[in-house]
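All remarks here apply to the structure that follows.
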Amino acid sequence: MAPAVNLNPEQATDPVDAILFVSFGGPEGPEEVIPFLENVLRGRNVPRERLLQVAKHYELFGGVSPINNQNRNLITALREELKSHGPDLPIYWGNRNWHPLLADTVRQMRADGIKHALAFVTAAYSSYSSCRQYRENIEAALREAGAGAPRVDKLRPFYNHPLFIQANAENVSLALAEIPDARRGATELIFTAHSIPQTMADSSAYESQLQETCRLVAAAVGHSRYQLVYQSRSGSPAQPWLSPDIYDCLRELKRDSDVVVAPIGFVSDHMEVIYDLDTEARQVAGEFGIQMVRAKTAGTHPLFVQMIRCLVAERLAGLEQAFVGTQGPLPDVCPPDCCLPGIST
């Protein structure tokens, strides 16, 4: 069981003096692809052949993942949002798998005299890989930094925050608007999310949270014809993962139909969006005569940027946590056994 994120309890009364922006990371050149993927897959039973297969996806884009540049854009937008509306706090950025790495960022924060940061993680849902593992990454970075490292408190998952729902609803509405009026009502709205092992799903609220987000976004755009599917599976075929798969879903649609694909499980258009959806899924759709429009992710949508500021503000001021739907807000501090593999929640 992982320890609490706060490794410096004596600093518990220090006021928040920074934001730590935490993300997945990605290569920014061909020579970085293999080392990056080795970091991602370290400790996982994934064949080398699968790593090399994924590396080819990056080669199609010059060995550069779009995620880092998109994070830079989001940080810039958030910095302006905080300057305009407060709190005007410095933003530090650290990644799980590639530069700038979390441990290096935490060491810089310590050198700059930062005592207490709030961590925003670019993942909206609860599961081991999308929440608890990031907490563990932060804890490991604090241990590496050693004495004088700041206290870091992770902000809550935000799958049902009203501004996250609104941002995605606006993007889905724009995508639906590309379908001619006469065919729009029959359009399949397909939400996608990263598939995870069934055992990981059983120990978290990942599926139910995704279903709730899909329901809320579909209701906001007034489109009742929707479903949730999964993408980007990377595990052994012998191990059950969440399904159905996006490719299987497309193959089962009626020929010459229209579909809007909304990657609701992602907050930016990174590799699993631009390759698995914009490249492979679009190819499958074309083979079956399906007209496919892909909705944008939350990205730097002004409402999403505003949501991050609101998450910070609610924590600082002890405000009521904003949410929509029926599941309520998640706690600021996760239960000790939350999202641990083999433990159902």
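Convention: chains lettered A, B, ... in structure tokens order; per-chain residue numbering from 1; ligands numbered from 1 as shown.
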> Could you pull out all residues of region 35-114 of chain A with a DSSP call of alpha helix (DSSP H) and give them as a PyMOL selection string?
Replying inline: chain A and resi 35-41+48-59+67-85+102-111
>> List the spatial neighbours of Ala281 (chain A) as a PyMOL selection string - criterion: any atom at most 12 Å away, only C-alpha atoms, same-chain residues fewer than 3 positions off excluded.
In response: chain A and resi 190+192+230-232+245-251+259-261+263+272-278+284-288+290-294
>> List the spatial neighbours of Tyr134 (chain A) as number ranges by chain - criterion: any atom at most 10 Å away, only C-alpha atoms, same-chain residues fewer than 2 positions off excluded.
In response: A: 5, 22-24, 95-96, 119, 121-123, 128-132, 136-140, 154
Would you save the residues from that selection as a short mmCIF file (atom, residue, chain, number, x, y, z; two decimals), in the first residue's frame, using C-alpha atoms?
```cif
data_model
loop_
_atom_site.label_atom_id
_atom_site.label_comp_id
_atom_site.auth_asym_id
_atom_site.auth_seq_id
_atom_site.Cartn_x
_atom_site.Cartn_y
_atom_site.Cartn_z
CA VAL A 5 1.36 11.91 -0.75
CA VAL A 22 1.53 16.41 -13.71
CA SER A 23 1.15 14.47 -16.96
CA PHE A 24 2.16 11.34 -18.82
CA ASN A 95 5.88 14.03 -16.21
CA ARG A 96 5.59 10.38 -15.27
CA ALA A 119 -0.91 18.85 -8.05
CA VAL A 121 -3.03 15.55 -12.93
CA THR A 122 -4.20 15.43 -16.54
CA ALA A 123 -6.52 12.47 -15.94
CA TYR A 128 -4.83 2.65 -10.64
CA SER A 129 -3.06 4.02 -13.73
CA SER A 130 -4.99 7.30 -13.95
CA CYS A 131 -5.00 8.29 -10.28
CA ARG A 132 -3.22 6.15 -7.68
CA GLU A 136 2.85 7.04 -6.24
CA ASN A 137 4.88 8.90 -8.89
CA ILE A 138 4.66 12.09 -6.85
CA GLU A 139 5.65 10.25 -3.69
CA ALA A 140 8.67 8.70 -5.43
CA LYS A 154 -3.19 16.06 -5.43
#
```
> Hey, what's within 6 Å of region 35-41 of chain A if we count only C-alpha atoms and toss same-chain stuff fewer than 3 positions away? As a ChimeraX atom specification, please?
Replying inline: /A:32,44,97
Write a file of the just-selected residues containing N, CA and C atoms, as a compact mmCIF listing (two decimals), in the first residue's frame.
```txt
# COMPACT_ATOMS: atom_id res chain seq x y z
N GLU A 32 14.22 9.55 -28.92
CA GLU A 32 13.62 9.46 -27.59
C GLU A 32 12.51 8.41 -27.51
N ARG A 44 6.02 -4.02 -16.58
CA ARG A 44 4.82 -4.62 -17.14
C ARG A 44 5.20 -5.75 -18.09
N ASN A 97 6.71 9.82 -17.36
CA ASN A 97 7.54 8.94 -18.19
C ASN A 97 8.62 9.62 -19.03
```
>> According to DSSP computed on the backbone, where in region 54-282 of chain A is there strand (DSSP E or B)? Give the residues as an MDAnalysis selection string.
In response: chainID A and resid 64 91:95 101 116:121 151:154 188:194 197 226:231 241 245 258:262
Selection from above, C-alpha atoms, as a PDB file, in the first residue's frame, can you write it?
```pdb
ATOM      1  CA  VAL A  64       7.211  13.452 -31.683  1.00  0.00           C
ATOM      2  CA  ILE A  91       3.207  26.534 -12.207  1.00  0.00           C
ATOM      3  CA  TYR A  92       5.754  23.722 -12.317  1.00  0.00           C
ATOM      4  CA  TRP A  93       5.482  20.816 -14.746  1.00  0.00           C
ATOM      5  CA  GLY A  94       6.619  17.233 -14.276  1.00  0.00           C
ATOM      6  CA  ASN A  95       5.877  14.030 -16.213  1.00  0.00           C
ATOM      7  CA  LEU A 101      10.490  14.257 -15.201  1.00  0.00           C
ATOM      8  CA  HIS A 116       3.383  23.389  -0.481  1.00  0.00           C
ATOM      9  CA  ALA A 117       1.991  22.658  -3.936  1.00  0.00           C
ATOM     10  CA  LEU A 118      -1.327  21.464  -5.306  1.00  0.00           C
ATOM     11  CA  ALA A 119      -0.913  18.854  -8.049  1.00  0.00           C
ATOM     12  CA  PHE A 120      -3.199  18.873 -11.067  1.00  0.00           C
ATOM     13  CA  VAL A 121      -3.026  15.549 -12.925  1.00  0.00           C
ATOM     14  CA  ARG A 151       4.407  19.022   0.510  1.00  0.00           C
ATOM     15  CA  VAL A 152       2.282  18.024  -2.500  1.00  0.00           C
ATOM     16  CA  ASP A 153      -1.489  17.491  -2.372  1.00  0.00           C
ATOM     17  CA  LYS A 154      -3.191  16.063  -5.431  1.00  0.00           C
ATOM     18  CA  GLU A 188     -24.009   7.300 -33.719  1.00  0.00           C
ATOM     19  CA  LEU A 189     -22.261   9.216 -30.935  1.00  0.00           C
ATOM     20  CA  ILE A 190     -19.411   6.984 -29.805  1.00  0.00           C
ATOM     21  CA  PHE A 191     -17.458   7.939 -26.696  1.00  0.00           C
ATOM     22  CA  THR A 192     -14.057   6.308 -26.309  1.00  0.00           C
ATOM     23  CA  ALA A 193     -11.708   5.800 -23.386  1.00  0.00           C
ATOM     24  CA  HIS A 194      -8.452   3.949 -22.822  1.00  0.00           C
ATOM     25  CA  PRO A 197      -7.405  -4.681 -17.564  1.00  0.00           C
ATOM     26  CA  TYR A 226     -24.701   7.084 -27.844  1.00  0.00           C
ATOM     27  CA  GLN A 227     -22.458   4.350 -26.481  1.00  0.00           C
ATOM     28  CA  LEU A 228     -19.136   3.970 -24.656  1.00  0.00           C
ATOM     29  CA  VAL A 229     -16.376   1.881 -26.222  1.00  0.00           C
ATOM     30  CA  TYR A 230     -12.680   1.440 -25.522  1.00  0.00           C
ATOM     31  CA  GLN A 231      -9.425   1.829 -27.401  1.00  0.00           C
ATOM     32  CA  TRP A 241      -9.661  -5.921 -20.804  1.00  0.00           C
ATOM     33  CA  ASP A 245     -13.231  -2.082 -28.861  1.00  0.00           C
ATOM     34  CA  ASP A 258     -22.587   8.730 -39.778  1.00  0.00           C
ATOM     35  CA  VAL A 259     -20.604   8.625 -36.572  1.00  0.00           C
ATOM     36  CA  VAL A 260     -19.135  11.179 -34.197  1.00  0.00           C
ATOM     37  CA  VAL A 261     -16.263   9.789 -32.126  1.00  0.00           C
ATOM     38  CA  ALA A 262     -15.601  11.679 -28.886  1.00  0.00           C
TER      39      ALA A 262
END
```
> Any idea what's packed within 9 Å of Ala124 (chain A), counting only C-alpha atoms, ignoring anything in its chain fewer than 3 positions away? Could you give it as a ChimeraX atom specification?
Replying inline: /A:121,130-131,156-160,164,265-267
> Leaving out Asp112 (chain A) and any residue of its chain fewer than 5 positions from it, which residues lie within 12 Å of it when counting only C-alpha atoms, given as a PyMOL selection string?
Replying inline: chain A and resi 17-18+90+92+105-107+148-150
